[in-house]
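Chemist: Dropping in run_33.cif, which is mmCIF, C-alpha atoms:
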data_coords
loop_
_atom_site.label_atom_id
_atom_site.label_comp_id
_atom_site.auth_asym_id
_atom_site.auth_seq_id
_atom_site.Cartn_x
_atom_site.Cartn_y
_atom_site.Cartn_z
CA MET A 231 17.29 22.74 17.23
CA GLN A 232 19.99 20.52 15.86
CA ALA A 233 21.96 21.28 12.77
CA GLY A 234 20.34 19.91 9.70
CA TYR A 235 16.81 20.92 10.63
CA THR A 236 14.85 23.81 9.32
CA ASP A 237 12.54 25.66 11.60
CA PHE A 238 9.28 25.88 9.73
CA THR A 239 6.95 28.67 10.44
CA ASP A 240 4.68 27.90 7.54
CA GLN A 241 4.72 24.17 7.13
CA ASP A 242 2.40 24.16 4.14
CA SER A 243 4.61 26.20 1.90
CA ASN A 244 8.00 25.07 3.07
CA ILE A 245 8.01 21.37 2.40
CA LYS A 246 10.42 21.75 -0.46
CA LYS A 247 12.89 23.33 1.92
CA LEU A 248 13.08 20.24 4.07
CA PRO A 249 16.54 19.32 5.20
CA LEU A 250 18.23 16.52 3.38
CA CYS A 251 20.71 15.72 6.12
CA LEU A 252 19.78 14.62 9.59
CA PRO A 253 21.78 13.72 12.66
CA MET A 254 23.51 10.37 12.68
CA SER A 255 21.68 9.45 15.86
CA VAL A 256 18.46 8.77 13.97
CA PRO A 257 18.39 4.99 13.95
CA THR A 258 16.48 4.01 10.85
CA PHE A 259 14.98 6.94 9.06
CA ARG A 260 18.18 8.62 8.14
CA GLU A 261 16.47 11.17 5.94
CA VAL A 262 13.28 11.84 7.77
CA GLY A 263 11.44 14.72 9.27
CA ILE A 264 8.28 14.15 11.23
CA LEU A 265 4.65 13.58 10.51
CA VAL A 266 2.41 16.55 10.99
CA ILE A 267 -0.91 15.83 12.59
CA ARG A 268 -3.11 18.85 12.49
CA GLY A 269 -6.17 19.70 14.47
CA SER A 270 -6.61 16.56 16.49
CA ALA A 271 -6.69 15.73 20.14
CA GLY A 272 -4.35 12.83 19.45
CA ALA A 273 -1.70 14.99 17.85
CA GLU A 274 0.33 15.46 20.98
CA LYS A 275 0.53 11.74 21.61
CA ILE A 276 1.42 10.90 18.03
CA PHE A 277 4.08 13.51 18.10
CA ALA A 278 5.44 12.28 21.42
CA ASP A 279 5.55 8.70 20.13
CA ALA A 280 7.45 9.71 17.05
CA LYS A 281 9.77 11.92 18.98
CA SER A 282 10.65 9.19 21.44
CA LYS A 283 11.27 6.83 18.59
CA TRP A 284 13.36 8.92 16.30
CA TYR A 285 14.40 12.28 17.58
CA ASP A 286 15.13 14.37 20.58
CA SER A 287 14.98 17.64 18.77
CA LEU A 288 11.63 17.77 17.04
CA THR A 289 9.16 20.54 17.31
CA MET A 290 5.52 20.39 16.32
CA GLN A 291 6.33 22.55 13.35
CA ASN A 292 8.42 19.96 11.62
CA VAL A 293 7.02 18.02 8.72
CA LEU A 294 7.44 14.43 7.79
CA SER A 295 9.53 14.13 4.73
CA LEU A 296 11.38 11.07 3.57
CA GLU A 297 14.02 10.74 0.98
CA LYS A 298 12.57 8.38 -1.58
CA GLU A 299 15.37 5.88 -0.91
CA ALA A 300 14.63 6.00 2.80
CA LEU A 301 10.96 5.46 2.07
CA ARG A 302 11.73 2.50 -0.12
CA ALA A 303 14.07 0.99 2.46
CA ASN A 304 11.83 1.63 5.44
CA GLN A 305 8.42 1.19 3.93
CA GLU A 306 7.22 -1.28 6.50
CA GLU A 307 8.25 0.85 9.43
CA LEU A 308 6.86 4.01 7.89
CA PHE A 309 3.55 2.31 7.30
CA ALA A 310 3.43 1.03 10.86
CA PHE A 311 4.02 4.60 12.00
CA VAL A 312 1.32 6.06 9.76
CA GLU A 313 -1.10 3.35 10.81
CA GLN A 314 -0.41 4.08 14.44
CA ALA A 315 -1.08 7.74 13.71
CA LEU A 316 -4.47 6.80 12.24
CA ILE A 317 -5.21 4.61 15.26
CA ASN A 318 -4.38 7.51 17.53
CA LEU A 319 -6.70 9.65 15.51
CA ASN A 320 -9.42 7.10 16.34
CA MET A 321 -10.08 6.14 12.76
CA PRO A 322 -12.29 3.02 12.65
CA ALA A 323 -10.36 -0.12 11.68
CA SER A 324 -12.20 -0.88 8.45
CA HIS A 325 -11.69 2.65 7.14
CA ARG A 326 -8.13 2.63 8.34
CA ASP A 327 -7.34 -0.49 6.31
CA ARG A 328 -8.76 1.13 3.22
CA MET A 329 -6.92 4.39 3.81
CA MET A 330 -3.66 2.51 4.36
CA LEU A 331 -4.06 0.64 1.10
CA ALA A 332 -4.69 3.88 -0.74
CA LEU A 333 -1.67 5.50 0.91
CA ASP A 334 0.50 2.56 -0.06
CA GLU A 335 -0.48 2.97 -3.68
CA ALA A 336 0.07 6.72 -3.61
CA LEU A 337 3.45 6.54 -1.88
CA THR A 338 4.64 3.76 -4.16
CA ASN A 339 3.84 5.94 -7.14
CA VAL A 340 5.94 8.76 -5.74
CA VAL A 341 8.85 6.48 -4.90
CA LEU A 342 8.86 4.84 -8.30
CA TYR A 343 7.94 7.65 -10.64
CA ALA A 344 8.15 11.15 -9.17
CA TYR A 345 11.89 11.59 -9.38
CA PRO A 346 14.52 10.47 -11.86
CA GLU A 347 16.69 7.67 -10.50
CA ASP A 348 19.67 9.96 -10.10
CA ARG A 349 17.82 12.70 -8.28
CA ARG A 350 17.14 12.91 -4.58
CA GLY A 351 13.64 13.77 -3.58
CA THR A 352 11.33 13.87 -0.64
CA VAL A 353 7.83 12.71 0.14
CA GLY A 354 5.74 14.57 2.69
CA ILE A 355 2.70 13.18 4.46
CA HIS A 356 0.20 15.27 6.40
CA LEU A 357 -2.65 13.73 8.34
CA SER A 358 -5.55 15.55 9.88
CA ARG A 359 -8.92 14.75 11.36
CA ASP A 360 -12.01 16.92 11.26
CA ASP A 361 -15.05 15.29 12.87
CA ASN A 362 -15.46 11.96 11.09
CA THR A 363 -13.19 12.77 8.21
CA ILE A 364 -9.52 11.92 7.90
CA THR A 365 -7.48 13.72 5.30
CA ALA A 366 -4.07 12.52 4.18
CA GLU A 367 -2.08 14.82 1.94
CA ILE A 368 0.97 13.53 0.13
CA VAL A 369 3.39 16.11 -1.18
CA ASP A 370 6.34 15.71 -3.48
CA HIS A 371 8.20 18.10 -5.73
CA GLY A 372 8.82 15.64 -8.52
CA LYS A 373 7.50 15.79 -12.04
CA PRO A 374 3.83 16.72 -12.39
CA PHE A 375 1.55 13.72 -12.13
CA ASP A 376 -2.19 13.82 -11.66
CA PRO A 377 -3.46 10.34 -10.81
CA THR A 378 -7.05 11.56 -10.83
CA ALA A 379 -6.72 12.16 -14.57
CA ASN A 380 -5.86 8.54 -15.24
CA PRO A 381 -8.69 6.73 -17.00
CA ALA A 382 -10.12 3.80 -15.09
CA PRO A 383 -8.99 0.42 -16.43
CA ASP A 384 -11.51 -1.94 -17.93
CA VAL A 385 -11.78 -4.53 -15.16
CA THR A 386 -14.35 -6.56 -17.06
CA LEU A 387 -11.96 -7.86 -19.69
CA PRO A 388 -11.23 -11.61 -19.74
CA ILE A 389 -7.88 -12.77 -18.43
CA GLU A 390 -6.27 -13.12 -21.87
CA GLN A 391 -7.00 -9.48 -22.66
CA ARG A 392 -6.29 -8.06 -19.24
CA PRO A 393 -3.39 -5.60 -19.10
CA ILE A 394 -0.99 -6.42 -16.29
CA GLY A 395 -0.76 -2.96 -14.78
CA GLY A 396 -2.93 0.08 -14.15
CA LEU A 397 -4.73 -1.22 -11.10
CA GLY A 398 -2.99 0.84 -8.42
CA ILE A 399 -4.66 4.16 -9.10
CA HIS A 400 -7.98 2.43 -9.65
CA LEU A 401 -7.64 0.71 -6.28
CA MET A 402 -6.58 3.92 -4.57
CA ARG A 403 -9.52 5.84 -6.01
CA ASN A 404 -11.96 3.22 -4.78
CA MET A 405 -10.51 2.87 -1.30
CA VAL A 406 -11.17 6.46 -0.21
CA THR A 407 -14.14 8.79 -0.22
CA SER A 408 -12.45 11.34 -2.41
CA LEU A 409 -9.18 11.84 -4.21
CA ARG A 410 -8.01 15.30 -5.21
CA TYR A 411 -4.89 16.53 -6.92
CA TYR A 412 -3.39 19.96 -7.32
CA ARG A 413 -0.04 21.34 -8.32
CA LYS A 414 1.27 24.32 -6.40
CA GLN A 415 4.66 26.01 -6.51
CA GLY A 416 6.28 23.05 -8.19
CA GLU A 417 4.78 20.51 -5.82
CA ASN A 418 2.36 17.67 -6.40
CA HIS A 419 -0.34 17.53 -3.74
CA LEU A 420 -2.50 14.44 -3.59
CA VAL A 421 -5.30 14.70 -1.06
CA LEU A 422 -7.00 11.49 0.06
CA THR A 423 -10.07 11.87 2.20
CA THR A 424 -12.07 9.24 4.03
CA ALA A 425 -15.31 10.10 5.77
CA TRP A 426 -17.48 7.78 7.81
CA GLU A 427 -20.67 7.90 9.78
CA GLU A 428 -20.62 7.38 13.49
CA THR A 429 -22.25 4.13 14.49
CA GLY A 430 -23.66 3.01 17.82
CA MET B 192 11.91 -6.85 2.40
CA SER B 193 11.00 -8.91 5.43
CA ASP B 194 12.79 -12.22 5.99
CA ALA B 195 9.56 -13.89 7.07
CA VAL B 196 8.29 -16.89 5.14
CA LEU B 197 6.16 -15.67 2.26
CA PHE B 198 4.27 -18.87 1.49
CA ILE B 199 4.10 -22.59 2.23
CA ASP B 200 2.98 -25.17 -0.32
CA GLU B 201 0.93 -28.21 0.49
CA ASN B 202 -0.07 -30.97 -1.92
CA ARG B 203 -3.70 -31.88 -1.42
CA GLN B 204 -5.38 -34.33 -3.77
CA ASP B 205 -3.28 -33.13 -6.71
CA ILE B 206 -4.15 -29.58 -5.91
CA ILE B 207 -1.28 -27.41 -4.76
CA LEU B 208 -2.46 -25.34 -1.87
CA VAL B 209 -0.31 -22.24 -1.44
CA HIS B 210 -0.70 -20.72 2.01
CA VAL B 211 0.41 -17.12 1.82
CA MET B 212 1.96 -16.37 5.20
CA ALA B 213 2.80 -12.68 4.93
CA GLN B 214 0.33 -10.40 6.66
CA ARG B 215 1.15 -7.29 4.71
CA MET B 216 1.75 -7.89 1.08
CA LEU B 217 3.07 -4.57 -0.14
CA ASP B 218 6.58 -5.30 -1.29
CA PRO B 219 7.28 -5.48 -5.04
CA GLN B 220 10.02 -8.04 -4.43
CA GLN B 221 7.57 -10.28 -2.62
CA ALA B 222 5.15 -9.88 -5.52
CA ASP B 223 7.86 -10.95 -7.97
CA ILE B 224 8.70 -13.99 -5.85
CA LEU B 225 5.06 -15.03 -5.63
CA THR B 226 4.51 -14.49 -9.36
CA ARG B 227 7.52 -16.62 -10.23
CA HIS B 228 6.41 -19.30 -7.81
CA LEU B 229 2.86 -19.54 -9.11
CA CYS B 230 3.93 -19.41 -12.75
CA GLY B 231 6.62 -22.01 -11.99
CA LEU B 232 4.00 -24.38 -10.60
CA PHE B 233 1.99 -24.15 -13.80
CA GLU B 234 5.15 -24.49 -15.91
CA SER B 235 6.01 -27.67 -14.04
CA GLY B 236 2.69 -29.25 -14.97
CA VAL B 237 0.54 -28.54 -11.93
CA LEU B 238 -3.05 -28.30 -13.11
CA CYS B 239 -4.69 -26.69 -10.13
CA VAL B 240 -3.37 -24.16 -7.62
CA LEU B 241 -5.40 -22.87 -4.70
CA VAL B 242 -4.05 -19.77 -2.98
CA ASP B 243 -5.03 -19.36 0.66
CA LEU B 244 -5.05 -15.68 1.59
CA GLY B 245 -6.43 -16.17 5.10
CA SER B 246 -3.38 -14.68 6.82
CA VAL B 247 -3.18 -11.58 4.66
CA GLN B 248 -4.27 -8.32 6.21
CA ARG B 249 -3.29 -6.01 3.41
CA LEU B 250 -2.63 -6.58 -0.25
CA SER B 251 -1.48 -3.91 -2.66
CA SER B 252 -2.11 -3.68 -6.39
CA ILE B 253 1.23 -5.23 -7.28
CA PHE B 254 -0.15 -8.52 -5.96
CA PHE B 255 -3.30 -8.22 -8.03
CA ARG B 256 -0.97 -7.78 -10.95
CA ALA B 257 0.90 -10.92 -9.81
CA PHE B 258 -2.34 -12.89 -9.73
CA ILE B 259 -3.28 -11.72 -13.22
CA MET B 260 0.11 -12.81 -14.53
CA ALA B 261 -0.25 -16.20 -12.85
CA GLY B 262 -3.79 -16.47 -14.21
CA LYS B 263 -2.53 -15.85 -17.73
CA LYS B 264 0.06 -18.59 -17.27
CA ALA B 265 -2.63 -20.94 -15.93
CA GLY B 266 -4.71 -20.20 -19.01
CA GLU B 267 -1.81 -21.00 -21.32
CA LYS B 268 -1.30 -24.34 -19.58
CA LYS B 269 -5.02 -25.17 -19.38
CA ALA B 270 -4.68 -25.14 -15.61
CA ARG B 271 -6.72 -23.51 -12.89
CA LEU B 272 -5.93 -20.85 -10.32
CA ALA B 273 -8.33 -20.30 -7.43
CA PHE B 274 -8.38 -18.47 -4.11
CA CYS B 275 -9.86 -19.04 -0.67
CA ASN B 276 -10.16 -17.47 2.79
CA LEU B 277 -10.20 -13.87 1.57
CA PRO B 278 -10.41 -11.36 4.43
CA PRO B 279 -12.96 -8.58 3.81
CA ILE B 280 -10.43 -5.94 2.76
CA VAL B 281 -8.79 -8.37 0.32
CA ARG B 282 -12.16 -9.45 -1.04
CA GLU B 283 -13.00 -5.81 -1.61
CA GLY B 284 -9.75 -5.38 -3.53
CA PHE B 285 -10.57 -8.41 -5.65
CA ALA B 286 -13.98 -6.95 -6.44
CA ILE B 287 -12.64 -3.47 -7.28
CA THR B 288 -10.02 -4.86 -9.63
CA GLY B 289 -12.39 -7.34 -11.24
CA LEU B 290 -10.47 -10.40 -10.07
CA THR B 291 -13.63 -11.93 -8.65
CA ASP B 292 -14.75 -12.38 -12.25
CA LEU B 293 -11.46 -13.91 -13.35
CA PHE B 294 -10.91 -16.55 -10.69
CA PRO B 295 -12.98 -18.94 -8.59
CA ILE B 296 -13.11 -17.62 -5.02
CA TYR B 297 -14.05 -19.98 -2.20
CA LYS B 298 -15.10 -19.29 1.32
CA ASN B 299 -12.56 -21.64 2.87
CA GLU B 300 -10.08 -24.38 2.10
CA ASN B 301 -12.46 -27.32 2.55
CA ASP B 302 -15.09 -25.76 0.37
CA ALA B 303 -12.47 -25.06 -2.29
CA LEU B 304 -10.82 -28.49 -2.20
CA GLY B 305 -14.16 -30.25 -2.39
CA LYS B 306 -15.33 -28.26 -5.37
CA LEU B 307 -12.03 -28.18 -7.25
CA ALA B 308 -11.44 -31.91 -6.78
CA GLY B 309 -14.92 -32.61 -8.14
CA LYS B 310 -14.28 -30.77 -11.40
#
Represent the structure from my file as structure tokens, please.
Modeler:
Amino acid sequence: MQAGYTDFTDQDSNIKKLPLCLPMSVPTFREVGILVIRGSAGAEKIFADAKSKWYDSLTMQNVLSLEKEALRANQEELFAFVEQALINLNMPASHRDRMMLALDEALTNVVLYAYPEDRRGTVGIHLSRDDNTITAEIVDHGKPFDPTANPAPDVTLPIEQRPIGGLGIHLMRNMVTSLRYYRKQGENHLVLTTAWEETG
Amino acid sequence: MSDAVLFIDENRQDIILVHVMAQRMLDPQQADILTRHLCGLFESGVLCVLVDLGSVQRLSSIFFRAFIMAGKKAGEKKARLAFCNLPPIVREGFAITGLTDLFPIYKNENDALGKLAGK
């Protein structure tokens, strides 16, 4: 294992210990770990894809964690990677689009609001599939924020009375089957779940 | 932010048709650019703007916010803002955020131009 990495034995409880410095050989995600895909047949392939793209030294026990600046700067590439992970997990396209929209809203919130401007911080993403359910868990150790407690905006107001903001959480909530938040050991955990019925 | 073209304007029967070219509209800077563009059209005296979202695969809430801001500007100027060619995921977003009640939504460009020109 290269210098700068932490060997995680318990990935769930060690996200906050993620390394903040990575080898210079990483081409774009200078402050990145690796996505964890749990419990799926596609996990090996997703991991191999990511490894070939970014690292030579990853192990399956690493966790994706981005510095917020890296996330902001590489949003498009990160999203392409996450989407590919969902494709490899055989998530149907229509559900995948909705999950990706929800993830965009959730990650944007972390990037913009979780950490003070002058503080470094990481964002972790875990994906897992269990039967026809995909769960995405976003972890940060920024200030406590429970999006599920946000009241829904009044989307029936006429244009003159419409507030400009407040739609992101509403959109996120409606794009997934369930949205759950908990705070644990100084970390925000936002769990987005999408379930679907098998057709054909 | 991507360097790709974000939108192309076309003048059709005094209606400005704005073809949004970006497939993934997630970037706040892109949203700002589009907001300024749409509001600028209304500021310059354009009375009807039709936004074609046919190329868009994904649209985040910052763009719904952009459309609300442009809609407010249209209201101030007694102008109209309408949309056409919404892909299913975008249409769903419009419905969730209540934008389907704020703006005329048309199936396609021809349908929109015919109806808007007749008003």
Chemist: Taking 2 positions as the minimum chain separation for residues in the same chain, which residues sit within 12 Å of Phe254 of chain B when counting all atoms listed in the file? Answer as a PyMOL selection string.
Modeler: (chain A and resi 335+394-395+397-398+401) or (chain B and resi 211+215-227+229+244+247+249-252+256-261+281+284-285+288+290)
Chemist: Please write the residues picked by the PyMOL selection byres ((chain A) within 12 of (chain B)) on this file as a ChimeraX atom specification.
Modeler: /A:302-307,309-310,323-339,342,382-405
Chemist: Could you save those same residues with C-alpha atoms as an mmCIF file, keeping the file's coordinate frame?
Modeler:
data_model
loop_
_atom_site.group_PDB
_atom_site.id
_atom_site.type_symbol
_atom_site.label_atom_id
_atom_site.label_comp_id
_atom_site.auth_asym_id
_atom_site.auth_seq_id
_atom_site.Cartn_x
_atom_site.Cartn_y
_atom_site.Cartn_z
ATOM 1 C CA ARG A 302 11.730 2.500 -0.120
ATOM 2 C CA ALA A 303 14.070 0.990 2.460
ATOM 3 C CA ASN A 304 11.830 1.630 5.440
ATOM 4 C CA GLN A 305 8.420 1.190 3.930
ATOM 5 C CA GLU A 306 7.220 -1.280 6.500
ATOM 6 C CA GLU A 307 8.250 0.850 9.430
ATOM 7 C CA PHE A 309 3.550 2.310 7.300
ATOM 8 C CA ALA A 310 3.430 1.030 10.860
ATOM 9 C CA ALA A 323 -10.360 -0.120 11.680
ATOM 10 C CA SER A 324 -12.200 -0.880 8.450
ATOM 11 C CA HIS A 325 -11.690 2.650 7.140
ATOM 12 C CA ARG A 326 -8.130 2.630 8.340
ATOM 13 C CA ASP A 327 -7.340 -0.490 6.310
ATOM 14 C CA ARG A 328 -8.760 1.130 3.220
ATOM 15 C CA MET A 329 -6.920 4.390 3.810
ATOM 16 C CA MET A 330 -3.660 2.510 4.360
ATOM 17 C CA LEU A 331 -4.060 0.640 1.100
ATOM 18 C CA ALA A 332 -4.690 3.880 -0.740
ATOM 19 C CA LEU A 333 -1.670 5.500 0.910
ATOM 20 C CA ASP A 334 0.500 2.560 -0.060
ATOM 21 C CA GLU A 335 -0.480 2.970 -3.680
ATOM 22 C CA ALA A 336 0.070 6.720 -3.610
ATOM 23 C CA LEU A 337 3.450 6.540 -1.880
ATOM 24 C CA THR A 338 4.640 3.760 -4.160
ATOM 25 C CA ASN A 339 3.840 5.940 -7.140
ATOM 26 C CA LEU A 342 8.860 4.840 -8.300
ATOM 27 C CA ALA A 382 -10.120 3.800 -15.090
ATOM 28 C CA PRO A 383 -8.990 0.420 -16.430
ATOM 29 C CA ASP A 384 -11.510 -1.940 -17.930
ATOM 30 C CA VAL A 385 -11.780 -4.530 -15.160
ATOM 31 C CA THR A 386 -14.350 -6.560 -17.060
ATOM 32 C CA LEU A 387 -11.960 -7.860 -19.690
ATOM 33 C CA PRO A 388 -11.230 -11.610 -19.740
ATOM 34 C CA ILE A 389 -7.880 -12.770 -18.430
ATOM 35 C CA GLU A 390 -6.270 -13.120 -21.870
ATOM 36 C CA GLN A 391 -7.000 -9.480 -22.660
ATOM 37 C CA ARG A 392 -6.290 -8.060 -19.240
ATOM 38 C CA PRO A 393 -3.390 -5.600 -19.100
ATOM 39 C CA ILE A 394 -0.990 -6.420 -16.290
ATOM 40 C CA GLY A 395 -0.760 -2.960 -14.780
ATOM 41 C CA GLY A 396 -2.930 0.080 -14.150
ATOM 42 C CA LEU A 397 -4.730 -1.220 -11.100
ATOM 43 C CA GLY A 398 -2.990 0.840 -8.420
ATOM 44 C CA ILE A 399 -4.660 4.160 -9.100
ATOM 45 C CA HIS A 400 -7.980 2.430 -9.650
ATOM 46 C CA LEU A 401 -7.640 0.710 -6.280
ATOM 47 C CA MET A 402 -6.580 3.920 -4.570
ATOM 48 C CA ARG A 403 -9.520 5.840 -6.010
ATOM 49 C CA ASN A 404 -11.960 3.220 -4.780
ATOM 50 C CA MET A 405 -10.510 2.870 -1.300
#
Chemist: Can you spell out as a PyMOL selection string the set of residues that the PyMOL selection byres ((chain A and resi 373) around 8) selects in the structure I just provided?
Modeler: chain A and resi 344-345+371-372+374-375+418
Chemist: Using all atoms listed in the file, which of B:Thr291, B:Cys230, B:Glu300, B:Gln204 sits nearest Val242 of chain B?
Modeler: B:Glu300
Chemist: Decode the PyMOL selection byres ((chain B and resi 296) around 7) for the given file into explicit residues and return them as a VMD selection string.
Modeler: chain B and resid 273 to 275 291 294 to 295 297 to 298
Chemist: What does the structure give for the distance between atom CA of Glu234 of chain B and atom CA of Asn276 of chain B, in Å to one decimal?
Modeler: 25.2 Å
Chemist: Kindly give the distance, in Å, that separates atom CA of Ala425 of chain A and atom CA of Tyr412 of chain A, rounded to a single decimal.
Modeler: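 Those two atoms sit 20.3 Å apart.
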Chemist: Quote the spacing between atom CA of Met321 of chain A and atom CA of Val421 of chain A in Å to one decimal place.
Modeler: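 We find that atom CA of Met321 of chain A and atom CA of Val421 of chain A lie 16.9 Å from each other.
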Chemist: Rank A:Ala379, A:Gln415, A:Ser408, A:Glu428 by their smallest atom-to-atom distance to Ala366 of chain A, using only C-alpha atoms, and report the top residue only.
Modeler: A:Ser408
Chemist: Counting all atoms listed in the file, select every polymer residue within 9 Å of (-4.3, -25.1, -18.4) as defined in the file's coordinates, and provide the selection as a PyMOL selection string.
Modeler: chain B and resi 233+236-239+264-271
Chemist: As AutoDock Vina command-line options, please report the centre and edge lengths, rounded to one decimal in Å, of the axis-aligned box that holds all listed atoms of segment 256-271 of chain B with 4 Å of padding on each of the six sides.
Modeler:
--center_x -2.9 --center_y -16.5 --center_z -15.5 --size_x 15.6 --size_y 25.4 --size_z 19.6
